[in-house]
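Shown next: my_file32.cif, given as mmCIF, C-alpha atoms.
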data_my_file
#
loop_
_atom_site.group_PDB
_atom_site.id
_atom_site.type_symbol
_atom_site.label_atom_id
_atom_site.label_comp_id
_atom_site.auth_asym_id
_atom_site.auth_seq_id
_atom_site.Cartn_x
_atom_site.Cartn_y
_atom_site.Cartn_z
ATOM 1 C CA MET A 110 10.068 -10.019 5.970
ATOM 2 C CA HIS A 111 9.758 -12.619 3.235
ATOM 3 C CA PRO A 112 6.969 -12.065 0.667
ATOM 4 C CA SER A 113 5.381 -15.351 1.753
ATOM 5 C CA TYR A 114 4.602 -13.792 5.143
ATOM 6 C CA LEU A 115 2.633 -11.062 3.416
ATOM 7 C CA SER A 116 0.808 -13.642 1.298
ATOM 8 C CA ALA A 117 -0.225 -15.572 4.405
ATOM 9 C CA LEU A 118 -1.390 -12.367 6.068
ATOM 10 C CA LEU A 119 -3.637 -11.403 3.153
ATOM 11 C CA GLU A 120 -4.989 -14.921 2.637
ATOM 12 C CA ARG A 121 -6.314 -14.905 6.185
ATOM 13 C CA GLY A 122 -9.866 -16.035 5.322
ATOM 14 C CA THR A 123 -11.132 -15.128 8.809
ATOM 15 C CA GLY A 124 -10.087 -12.824 11.619
ATOM 16 C CA PRO A 125 -9.574 -9.073 11.806
ATOM 17 C CA CYS A 126 -8.907 -7.226 8.583
ATOM 18 C CA PRO A 127 -5.165 -6.364 8.422
ATOM 19 C CA LEU A 128 -4.208 -2.695 8.341
ATOM 20 C CA GLY A 129 -1.323 -1.266 6.346
ATOM 21 C CA VAL A 130 0.223 2.123 7.091
ATOM 22 C CA TYR A 131 1.733 4.409 4.462
ATOM 23 C CA LEU A 132 4.188 7.294 4.553
ATOM 24 C CA PRO A 133 6.445 8.714 1.854
ATOM 25 C CA ALA A 134 10.007 7.685 2.704
ATOM 26 C CA GLY A 135 11.807 10.513 4.444
ATOM 27 C CA TYR A 136 8.707 12.246 5.791
ATOM 28 C CA PRO A 137 8.818 14.076 8.134
ATOM 29 C CA SER A 138 12.527 13.137 8.073
ATOM 30 C CA LEU A 139 14.415 9.951 7.289
ATOM 31 C CA GLY A 140 14.715 9.019 10.956
ATOM 32 C CA GLY A 141 11.262 10.284 11.844
ATOM 33 C CA CYS A 142 9.620 8.261 9.085
ATOM 34 C CA GLY A 143 11.202 5.009 10.213
ATOM 35 C CA ALA A 144 10.355 5.673 13.847
ATOM 36 C CA VAL A 145 6.681 6.453 13.183
ATOM 37 C CA LEU A 146 6.179 3.416 10.948
ATOM 38 C CA GLU A 147 7.906 1.088 13.395
ATOM 39 C CA ARG A 148 5.768 2.398 16.244
ATOM 40 C CA ALA A 149 2.650 2.084 14.072
ATOM 41 C CA VAL A 150 3.347 -1.650 13.926
ATOM 42 C CA ARG A 151 4.672 -2.304 17.423
ATOM 43 C CA GLU A 152 2.337 0.029 19.350
ATOM 44 C CA GLY A 153 -0.499 0.696 16.924
ATOM 45 C CA GLY A 154 -1.077 -2.866 15.741
ATOM 46 C CA ALA A 155 -0.571 -2.288 12.004
ATOM 47 C CA SER A 156 0.171 -5.469 10.059
ATOM 48 C CA PHE A 157 2.286 -4.202 7.162
ATOM 49 C CA ILE A 158 4.007 -1.094 5.862
ATOM 50 C CA GLU A 159 3.735 0.796 2.594
ATOM 51 C CA LEU A 160 6.709 3.040 1.948
ATOM 52 C CA GLY A 161 6.415 5.671 -0.760
ATOM 53 C CA VAL A 162 9.196 6.768 -3.100
ATOM 54 C CA PRO A 163 9.097 10.579 -2.919
ATOM 55 C CA THR A 164 8.541 12.628 -6.055
ATOM 56 C CA TYR A 165 7.751 16.239 -6.896
ATOM 57 C CA THR A 166 4.864 15.103 -9.144
ATOM 58 C CA PRO A 167 2.584 12.743 -7.136
ATOM 59 C CA HIS A 168 -0.332 13.202 -9.512
ATOM 60 C CA LEU A 169 -2.557 10.522 -7.938
ATOM 61 C CA ASP A 170 -2.204 12.007 -4.464
ATOM 62 C CA GLY A 171 -4.137 14.751 -2.735
ATOM 63 C CA ALA A 172 -2.869 17.779 -0.859
ATOM 64 C CA ALA A 173 -1.678 16.097 2.348
ATOM 65 C CA ILE A 174 0.411 13.350 0.782
ATOM 66 C CA SER A 175 1.670 15.719 -1.921
ATOM 67 C CA GLN A 176 2.991 18.014 0.821
ATOM 68 C CA ALA A 177 4.660 15.026 2.456
ATOM 69 C CA HIS A 178 6.289 14.026 -0.846
ATOM 70 C CA HIS A 179 7.635 17.536 -1.329
ATOM 71 C CA GLN A 180 8.975 17.702 2.225
ATOM 72 C CA ALA A 181 10.703 14.330 1.792
ATOM 73 C CA MET A 182 12.298 15.593 -1.409
ATOM 74 C CA ARG A 183 13.490 18.731 0.384
ATOM 75 C CA GLU A 184 14.985 16.444 3.032
ATOM 76 C CA GLY A 185 17.069 14.914 0.238
ATOM 77 C CA THR A 186 15.453 11.476 0.288
ATOM 78 C CA ASP A 187 16.659 9.507 -2.734
ATOM 79 C CA MET A 188 16.462 5.862 -3.785
ATOM 80 C CA VAL A 189 19.311 4.979 -1.419
ATOM 81 C CA GLY A 190 17.358 6.563 1.424
ATOM 82 C CA VAL A 191 14.288 4.519 0.487
ATOM 83 C CA LEU A 192 16.337 1.311 0.486
ATOM 84 C CA THR A 193 17.861 2.229 3.849
ATOM 85 C CA LEU A 194 14.383 2.552 5.350
ATOM 86 C CA VAL A 195 13.285 -0.734 3.777
ATOM 87 C CA ALA A 196 16.226 -2.509 5.409
ATOM 88 C CA GLN A 197 15.408 -0.860 8.754
ATOM 89 C CA LEU A 198 11.707 -1.748 8.665
ATOM 90 C CA ALA A 199 11.717 -5.168 6.988
ATOM 91 C CA PRO A 200 12.462 -7.031 10.258
ATOM 92 C CA VAL A 201 9.472 -5.268 11.862
ATOM 93 C CA ALA A 202 6.731 -6.035 9.301
ATOM 94 C CA PRO A 203 6.343 -6.775 5.579
ATOM 95 C CA VAL A 204 7.307 -3.686 3.565
ATOM 96 C CA VAL A 205 5.833 -2.954 0.150
ATOM 97 C CA VAL A 206 7.335 0.028 -1.630
ATOM 98 C CA MET A 207 4.902 2.260 -3.506
ATOM 99 C CA SER A 208 6.301 4.322 -6.343
ATOM 100 C CA TYR A 209 5.377 6.203 -9.430
ATOM 101 C CA ALA A 210 6.964 4.576 -12.441
ATOM 102 C CA ARG A 211 9.340 7.361 -13.465
ATOM 103 C CA PRO A 212 11.824 7.103 -10.542
ATOM 104 C CA VAL A 213 12.078 3.323 -11.004
ATOM 105 C CA LEU A 214 12.452 3.497 -14.777
ATOM 106 C CA ARG A 215 15.173 6.096 -14.300
ATOM 107 C CA TYR A 216 16.934 3.899 -11.698
ATOM 108 C CA GLY A 217 16.578 0.769 -13.826
ATOM 109 C CA ILE A 218 13.876 -1.882 -13.461
ATOM 110 C CA GLU A 219 16.100 -4.883 -12.827
ATOM 111 C CA ARG A 220 18.549 -2.926 -10.703
ATOM 112 C CA TRP A 221 15.641 -1.689 -8.554
ATOM 113 C CA ALA A 222 14.135 -5.142 -8.123
ATOM 114 C CA GLU A 223 17.513 -6.544 -7.097
ATOM 115 C CA ALA A 224 18.131 -3.712 -4.617
ATOM 116 C CA LEU A 225 14.680 -4.083 -3.058
ATOM 117 C CA ALA A 226 15.090 -7.826 -2.640
ATOM 118 C CA TYR A 227 18.511 -7.339 -1.047
ATOM 119 C CA ALA A 228 17.039 -4.761 1.371
ATOM 120 C CA GLY A 229 14.278 -7.183 2.409
ATOM 121 C CA ALA A 230 11.195 -5.706 0.744
ATOM 122 C CA ALA A 231 8.173 -7.936 0.226
ATOM 123 C CA GLY A 232 7.195 -6.185 -2.994
ATOM 124 C CA CYS A 233 6.768 -2.974 -4.932
ATOM 125 C CA MET A 234 3.778 -1.393 -6.657
ATOM 126 C CA LEU A 235 4.301 1.055 -9.518
ATOM 127 C CA ALA A 236 1.114 3.079 -9.422
ATOM 128 C CA ASP A 237 1.188 4.438 -12.972
ATOM 129 C CA LEU A 238 3.151 1.661 -14.678
ATOM 130 C CA PRO A 239 2.941 2.010 -18.487
ATOM 131 C CA GLU A 240 1.661 -1.133 -20.157
ATOM 132 C CA ASP A 241 4.705 -1.271 -22.434
ATOM 133 C CA GLU A 242 6.918 -1.644 -19.331
ATOM 134 C CA ALA A 243 4.655 -4.094 -17.468
ATOM 135 C CA ILE A 244 6.149 -7.318 -18.822
ATOM 136 C CA SER A 245 9.699 -6.215 -17.967
ATOM 137 C CA TRP A 246 8.684 -5.113 -14.473
ATOM 138 C CA HIS A 247 6.763 -8.279 -13.637
ATOM 139 C CA ALA A 248 9.610 -10.435 -14.940
ATOM 140 C CA ALA A 249 12.178 -8.575 -12.833
ATOM 141 C CA ALA A 250 9.999 -8.715 -9.715
ATOM 142 C CA ALA A 251 9.436 -12.443 -10.168
ATOM 143 C CA ALA A 252 13.137 -13.072 -10.752
ATOM 144 C CA TYR A 253 13.983 -11.525 -7.380
ATOM 145 C CA GLY A 254 11.035 -13.005 -5.467
ATOM 146 C CA LEU A 255 9.101 -9.756 -5.058
ATOM 147 C CA HIS A 256 5.367 -9.233 -5.156
ATOM 148 C CA ALA A 257 4.249 -6.786 -7.853
ATOM 149 C CA PRO A 258 0.801 -5.446 -6.875
ATOM 150 C CA ARG A 259 -1.135 -3.393 -9.405
ATOM 151 C CA LEU A 260 -3.453 -0.416 -9.068
ATOM 152 C CA LEU A 261 -6.884 -0.956 -10.620
ATOM 153 C CA GLU A 262 -8.659 2.334 -11.207
ATOM 154 C CA ALA A 263 -12.332 2.725 -10.333
ATOM 155 C CA THR A 264 -13.022 3.458 -14.010
ATOM 156 C CA ALA A 265 -11.083 0.459 -15.388
ATOM 157 C CA ARG A 266 -12.698 -1.348 -18.312
ATOM 158 C CA GLU A 267 -13.325 -5.093 -18.297
ATOM 159 C CA ALA A 268 -10.246 -5.926 -20.374
ATOM 160 C CA ARG A 269 -7.989 -4.142 -17.889
ATOM 161 C CA VAL A 270 -9.661 -5.844 -14.921
ATOM 162 C CA VAL A 271 -8.958 -9.221 -16.521
ATOM 163 C CA ARG A 272 -5.384 -8.311 -17.468
ATOM 164 C CA LEU A 273 -4.367 -6.904 -14.091
ATOM 165 C CA SER A 274 -6.136 -9.656 -12.149
ATOM 166 C CA SER A 275 -3.854 -12.068 -13.981
ATOM 167 C CA ALA A 276 -0.693 -9.959 -13.891
ATOM 168 C CA ALA A 277 -0.661 -8.714 -10.296
ATOM 169 C CA THR A 278 1.077 -10.631 -7.547
ATOM 170 C CA GLY A 279 0.607 -9.958 -3.844
ATOM 171 C CA TRP A 280 -2.549 -7.947 -4.257
ATOM 172 C CA ILE A 281 -4.776 -5.808 -6.428
ATOM 173 C CA TYR A 282 -5.075 -2.287 -5.048
ATOM 174 C CA LEU A 283 -8.564 -0.805 -5.343
ATOM 175 C CA PRO A 284 -9.037 2.844 -4.333
ATOM 176 C CA ALA A 285 -11.950 3.108 -1.927
ATOM 177 C CA ALA A 286 -12.935 6.398 -3.577
ATOM 178 C CA ALA A 287 -12.765 7.503 -7.200
ATOM 179 C CA ALA A 288 -10.600 10.459 -6.170
ATOM 180 C CA VAL A 289 -7.033 11.356 -5.287
ATOM 181 C CA THR A 290 -5.718 10.186 -1.930
ATOM 182 C CA GLY A 291 -6.927 12.119 1.071
ATOM 183 C CA TYR A 292 -10.572 12.189 0.017
ATOM 184 C CA GLN A 293 -12.731 12.771 3.097
ATOM 185 C CA GLY A 294 -16.242 12.513 1.675
ATOM 186 C CA ALA A 295 -18.794 9.717 1.700
ATOM 187 C CA LEU A 296 -17.908 6.299 0.282
ATOM 188 C CA ASP A 297 -20.128 3.816 -1.547
ATOM 189 C CA PRO A 298 -19.624 0.416 0.136
ATOM 190 C CA LEU A 299 -22.009 -1.310 -2.285
ATOM 191 C CA GLU A 300 -20.013 -0.122 -5.297
ATOM 192 C CA LEU A 301 -16.737 -1.095 -3.625
ATOM 193 C CA ALA A 302 -18.173 -4.521 -2.792
ATOM 194 C CA ARG A 303 -19.115 -4.953 -6.451
ATOM 195 C CA ARG A 304 -15.612 -4.031 -7.594
ATOM 196 C CA CYS A 305 -13.966 -6.369 -5.068
ATOM 197 C CA ALA A 306 -16.212 -9.235 -6.161
ATOM 198 C CA HIS A 307 -15.455 -8.483 -9.807
ATOM 199 C CA VAL A 308 -11.709 -8.884 -9.228
ATOM 200 C CA ARG A 309 -12.221 -12.092 -7.262
ATOM 201 C CA LEU A 310 -14.433 -13.457 -10.029
ATOM 202 C CA HIS A 311 -11.377 -13.415 -12.301
ATOM 203 C CA GLY A 312 -9.273 -15.363 -9.806
ATOM 204 C CA GLY A 313 -7.076 -12.408 -8.941
ATOM 205 C CA PRO A 314 -4.886 -12.021 -5.858
ATOM 206 C CA PRO A 315 -6.159 -10.534 -2.578
ATOM 207 C CA VAL A 316 -7.841 -7.142 -2.743
ATOM 208 C CA VAL A 317 -6.403 -4.251 -0.731
ATOM 209 C CA CYS A 318 -8.327 -0.978 -0.457
ATOM 210 C CA GLY A 319 -7.066 2.468 0.462
ATOM 211 C CA GLY A 320 -7.616 6.111 -0.320
ATOM 212 C CA GLY A 321 -10.580 7.820 1.311
ATOM 213 C CA ILE A 322 -10.645 5.663 4.466
ATOM 214 C CA SER A 323 -10.623 8.797 6.546
ATOM 215 C CA THR A 324 -11.970 7.484 9.876
ATOM 216 C CA PRO A 325 -11.789 4.280 11.928
ATOM 217 C CA GLU A 326 -15.563 3.963 11.539
ATOM 218 C CA LEU A 327 -15.257 3.910 7.748
ATOM 219 C CA ALA A 328 -12.521 1.298 8.055
ATOM 220 C CA ALA A 329 -14.841 -0.917 10.096
ATOM 221 C CA ASP A 330 -17.554 -0.544 7.448
ATOM 222 C CA LEU A 331 -15.157 -1.608 4.661
ATOM 223 C CA ALA A 332 -13.422 -4.411 6.563
ATOM 224 C CA PRO A 333 -15.841 -7.145 5.393
ATOM 225 C CA LEU A 334 -15.204 -6.212 1.744
ATOM 226 C CA ALA A 335 -11.416 -6.188 1.363
ATOM 227 C CA ASP A 336 -8.595 -8.518 2.348
ATOM 228 C CA ALA A 337 -6.722 -5.580 3.887
ATOM 229 C CA LEU A 338 -6.995 -1.806 4.209
ATOM 230 C CA VAL A 339 -4.336 0.900 3.991
ATOM 231 C CA ILE A 340 -4.295 4.382 5.497
ATOM 232 C CA GLY A 341 -1.884 7.161 4.616
ATOM 233 C CA SER A 342 -3.421 10.630 4.547
ATOM 234 C CA PRO A 343 -4.809 10.407 8.120
ATOM 235 C CA LEU A 344 -1.270 9.758 9.414
ATOM 236 C CA VAL A 345 0.250 12.467 7.259
ATOM 237 C CA ARG A 346 -2.277 15.026 8.544
ATOM 238 C CA GLU A 347 -1.226 14.332 12.129
ATOM 239 C CA LEU A 348 2.406 14.913 11.164
ATOM 240 C CA LEU A 349 1.595 18.031 9.161
ATOM 241 C CA ASP A 350 -0.007 19.469 12.293
ATOM 242 C CA ASP A 351 3.135 18.652 14.298
ATOM 243 C CA PRO A 352 6.140 16.910 12.702
ATOM 244 C CA GLY A 353 7.728 16.410 16.116
ATOM 245 C CA PRO A 354 7.120 13.935 18.959
ATOM 246 C CA ARG A 355 3.522 15.057 19.595
ATOM 247 C CA GLY A 356 2.594 14.476 15.959
ATOM 248 C CA ALA A 357 4.245 11.067 16.023
ATOM 249 C CA ASP A 358 2.343 10.147 19.191
ATOM 250 C CA ALA A 359 -0.918 11.324 17.601
ATOM 251 C CA ALA A 360 -0.256 9.305 14.448
ATOM 252 C CA VAL A 361 0.433 6.125 16.423
ATOM 253 C CA HIS A 362 -2.661 6.713 18.565
ATOM 254 C CA LEU A 363 -4.724 7.069 15.390
ATOM 255 C CA VAL A 364 -3.376 3.772 14.037
ATOM 256 C CA ARG A 365 -4.412 2.132 17.300
ATOM 257 C CA GLN A 366 -7.938 3.506 16.851
ATOM 258 C CA TYR A 367 -8.105 2.012 13.360
ATOM 259 C CA THR A 368 -6.872 -1.413 14.431
ATOM 260 C CA ARG A 369 -9.314 -1.487 17.348
ATOM 261 C CA ALA A 370 -12.163 -0.671 14.975
ATOM 262 C CA LEU A 371 -11.061 -3.453 12.625
ATOM 263 C CA HIS A 372 -10.862 -5.968 15.459
ATOM 264 C CA GLN A 373 -14.451 -5.138 16.358
ATOM 265 C CA ALA A 374 -15.716 -5.394 12.780
ATOM 266 C CA ILE A 375 -17.394 -8.527 11.462
ATOM 267 C CA THR A 376 -15.172 -10.074 8.791
ATOM 268 C CA PRO A 377 -16.666 -13.202 7.219
ATOM 269 C CA HIS A 378 -14.643 -16.047 5.755
ATOM 270 C CA ARG A 379 -13.939 -15.643 2.056
ATOM 271 C CA SER A 380 -12.929 -18.440 -0.293
ATOM 272 C CA ARG A 381 -11.113 -17.621 -3.507
ATOM 273 C CA PRO A 382 -12.507 -18.575 -6.910
ATOM 274 C CA GLY A 383 -9.129 -19.185 -8.501
ATOM 275 C CA PRO A 384 -5.365 -19.234 -7.978
ATOM 276 C CA GLU A 385 -2.991 -16.312 -8.191
ATOM 277 C CA THR A 386 -1.313 -16.742 -11.545
ATOM 278 C CA GLY A 387 1.173 -13.922 -11.606
ATOM 279 C CA SER A 388 1.629 -13.985 -15.389
ATOM 280 C CA PRO A 389 2.966 -10.721 -16.821
ATOM 281 C CA GLY A 390 0.461 -8.360 -18.381
#
When written as structure tokens, how does the structure in this file appear?
Amino acid sequence: MHPSYLSALLERGTGPCPLGVYLPAGYPSLGGCGAVLERAVREGGASFIELGVPTYTPHLDGAAISQAHHQAMREGTDMVGVLTLVAQLAPVAPVVVMSYARPVLRYGIERWAEALAYAGAAGCMLADLPEDEAISWHAAAAAYGLHAPRLLEATAREARVVRLSSAATGWIYLPAAAAVTGYQGALDPLELARRCAHVRLHGGPPVVCGGGISTPELAADLAPLADALVIGSPLVRELLDDPGPRGADAAVHLVRQYTRALHQAITPHRSRPGPETGSPG
């Protein structure tokens, strides 16, 4: 789907908080990944898809997603496989590809942006993008009409908050927990609310939170704070328990539980303090 559809979804103002679903491309298999994500949208009510580029070194991810990355790599999932899944899923819901920087830098920044746009992706976030590559990446993404979200760490200093709030397009990704993905402990909604407000104060794009949203109840608690939420590890755990049809059914059922919780949550209208600038940073 066109990036503008994703923008409209995240700029909702009122209504249920949208839910994104994440899997590394090719996990539990290339066909299985596409089937689960499509069902998560059509049957589970998810609003958008995050598709990970597999790597053997997912250093920001916890045990569950790391296992999924490694399995996808063993399945032989490469950049062509990722693009194939993007093309399959883009008619179903907006697809944002999530990658560590190294595979994209190795593939070629402009070549990757062009290939993603051709496949129908709405955008791509490079989680550990080096600052000396940021201008080139944002320019390439803009040239091909892609959103380029950025990850803002919980420990980010003020200068980085300002820079990424200006540079990011599509959204700013705020981890719900100051931990690797898959964290299952308590969250601090007041601290997350402060961080969300801080980004909005600088006129940044919508705020999407993920990482540590381990239950539907936690999702409902965070729904008033963010413009969208993303879950990944809870789905992966269901598939680790059973990578076959039962695991897929359980994963889709879990997505449905999350979307029901979000529909029941109170999500107040939010006005934005400034426009999305999208200037490279």
message: Can you tell me which residues surround range 281-286 of chain A at a distance of at most 9 Å, considering all atoms listed in the file, apart from same-chain residues fewer than 4 positions away, and format the answer as JSON, numbers by chain?
response: {"A": [258, 259, 260, 261, 262, 263, 273, 274, 277, 290, 292, 294, 295, 296, 297, 298, 301, 304, 305, 308, 313, 314, 315, 316, 317, 318, 319, 320, 321, 322, 331]}
What does the PyMOL selection byres ((chain A and resi 139-156) around 6) select in this file, as a PDB file with C-alpha atoms, keeping the file's coordinate frame?
ATOM      1  CA  PRO A 127      -5.165  -6.364   8.422  1.00  0.00           C
ATOM      2  CA  LEU A 128      -4.208  -2.695   8.341  1.00  0.00           C
ATOM      3  CA  GLY A 129      -1.323  -1.266   6.346  1.00  0.00           C
ATOM      4  CA  GLY A 135      11.807  10.513   4.444  1.00  0.00           C
ATOM      5  CA  TYR A 136       8.707  12.246   5.791  1.00  0.00           C
ATOM      6  CA  PRO A 137       8.818  14.076   8.134  1.00  0.00           C
ATOM      7  CA  SER A 138      12.527  13.137   8.073  1.00  0.00           C
ATOM      8  CA  PHE A 157       2.286  -4.202   7.162  1.00  0.00           C
ATOM      9  CA  ALA A 357       4.245  11.067  16.023  1.00  0.00           C
ATOM     10  CA  VAL A 361       0.433   6.125  16.423  1.00  0.00           C
ATOM     11  CA  VAL A 364      -3.376   3.772  14.037  1.00  0.00           C
ATOM     12  CA  ARG A 365      -4.412   2.132  17.300  1.00  0.00           C
TER      13      ARG A 365
END
What's the 12 Å shell around Gln176 in chain A, counting all atoms listed in the file, without same-chain residues fewer than 3 positions away, as a JSON list (two decimals) with C-alpha atoms, in the frame of the given file?
[["chain", "number", "residue", "atom", "x", "y", "z"],
["A", 132, "LEU", "CA", 4.19, 7.29, 4.55],
["A", 133, "PRO", "CA", 6.44, 8.71, 1.85],
["A", 136, "TYR", "CA", 8.71, 12.25, 5.79],
["A", 137, "PRO", "CA", 8.82, 14.08, 8.13],
["A", 163, "PRO", "CA", 9.10, 10.58, -2.92],
["A", 164, "THR", "CA", 8.54, 12.63, -6.06],
["A", 165, "TYR", "CA", 7.75, 16.24, -6.90],
["A", 166, "THR", "CA", 4.86, 15.10, -9.14],
["A", 167, "PRO", "CA", 2.58, 12.74, -7.14],
["A", 168, "HIS", "CA", -0.33, 13.20, -9.51],
["A", 170, "ASP", "CA", -2.20, 12.01, -4.46],
["A", 171, "GLY", "CA", -4.14, 14.75, -2.74],
["A", 172, "ALA", "CA", -2.87, 17.78, -0.86],
["A", 173, "ALA", "CA", -1.68, 16.10, 2.35],
["A", 179, "HIS", "CA", 7.64, 17.54, -1.33],
["A", 180, "GLN", "CA", 8.98, 17.70, 2.22],
["A", 181, "ALA", "CA", 10.70, 14.33, 1.79],
["A", 182, "MET", "CA", 12.30, 15.59, -1.41],
["A", 183, "ARG", "CA", 13.49, 18.73, 0.38],
["A", 291, "GLY", "CA", -6.93, 12.12, 1.07],
["A", 342, "SER", "CA", -3.42, 10.63, 4.55],
["A", 345, "VAL", "CA", 0.25, 12.47, 7.26],
["A", 346, "ARG", "CA", -2.28, 15.03, 8.54],
["A", 348, "LEU", "CA", 2.41, 14.91, 11.16],
["A", 349, "LEU", "CA", 1.60, 18.03, 9.16],
["A", 350, "ASP", "CA", -0.01, 19.47, 12.29]]
message: So the first atom is CA of Val130 in chain A and the second is CA of Gly341 in chain A; what is the distance between them in Å, to one decimal place?
response: 6.0 Å
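Minimum atom-to-atom distances from A:Leu115, A:Leu214, A:Ala134, A:Met234 to Val189 in chain A were compared using only C-alpha atoms, and the lowest value belongs to A:Ala134.
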task: For Cys233 in chain A, please output as a PyMOL selection string all residues within 6 Å (counting all atoms listed in the file; exclusion window: fewer than 2 positions along the same chain).
output: chain A and resi 205-207+257
Can you put N, CA and C atoms back into range 167-179 of chain A and show it as an mmCIF file, in the coordinates of the input?
data_model
loop_
_atom_site.group_PDB
_atom_site.id
_atom_site.type_symbol
_atom_site.label_atom_id
_atom_site.label_comp_id
_atom_site.auth_asym_id
_atom_site.auth_seq_id
_atom_site.Cartn_x
_atom_site.Cartn_y
_atom_site.Cartn_z
ATOM 1 N N PRO A 167 3.456 13.854 -7.548
ATOM 2 C CA PRO A 167 2.584 12.743 -7.136
ATOM 3 C C PRO A 167 1.150 12.959 -7.617
ATOM 4 N N HIS A 168 0.910 12.739 -8.888
ATOM 5 C CA HIS A 168 -0.332 13.202 -9.512
ATOM 6 C C HIS A 168 -1.570 12.427 -9.077
ATOM 7 N N LEU A 169 -1.404 11.276 -8.438
ATOM 8 C CA LEU A 169 -2.557 10.522 -7.938
ATOM 9 C C LEU A 169 -2.860 10.839 -6.473
ATOM 10 N N ASP A 170 -2.067 11.710 -5.889
ATOM 11 C CA ASP A 170 -2.204 12.007 -4.464
ATOM 12 C C ASP A 170 -2.801 13.386 -4.234
ATOM 13 N N GLY A 171 -3.534 13.490 -3.119
ATOM 14 C CA GLY A 171 -4.137 14.751 -2.735
ATOM 15 C C GLY A 171 -3.163 15.649 -2.001
ATOM 16 N N ALA A 172 -3.706 16.717 -1.413
ATOM 17 C CA ALA A 172 -2.869 17.779 -0.859
ATOM 18 C C ALA A 172 -1.955 17.293 0.261
ATOM 19 N N ALA A 173 -2.476 16.493 1.185
ATOM 20 C CA ALA A 173 -1.678 16.097 2.348
ATOM 21 C C ALA A 173 -0.471 15.265 1.934
ATOM 22 N N ILE A 174 -0.705 14.214 1.172
ATOM 23 C CA ILE A 174 0.411 13.350 0.782
ATOM 24 C C ILE A 174 1.337 14.066 -0.189
ATOM 25 N N SER A 175 0.803 14.935 -1.036
ATOM 26 C CA SER A 175 1.670 15.719 -1.921
ATOM 27 C C SER A 175 2.629 16.585 -1.105
ATOM 28 N N GLN A 176 2.119 17.222 -0.053
ATOM 29 C CA GLN A 176 2.991 18.014 0.821
ATOM 30 C C GLN A 176 4.071 17.141 1.445
ATOM 31 N N ALA A 177 3.687 15.934 1.851
ATOM 32 C CA ALA A 177 4.660 15.026 2.456
ATOM 33 C C ALA A 177 5.728 14.609 1.446
ATOM 34 N N HIS A 178 5.317 14.331 0.208
ATOM 35 C CA HIS A 178 6.289 14.026 -0.846
ATOM 36 C C HIS A 178 7.278 15.171 -1.011
ATOM 37 N N HIS A 179 6.767 16.381 -1.097
ATOM 38 C CA HIS A 179 7.635 17.536 -1.329
ATOM 39 C C HIS A 179 8.594 17.750 -0.164
#
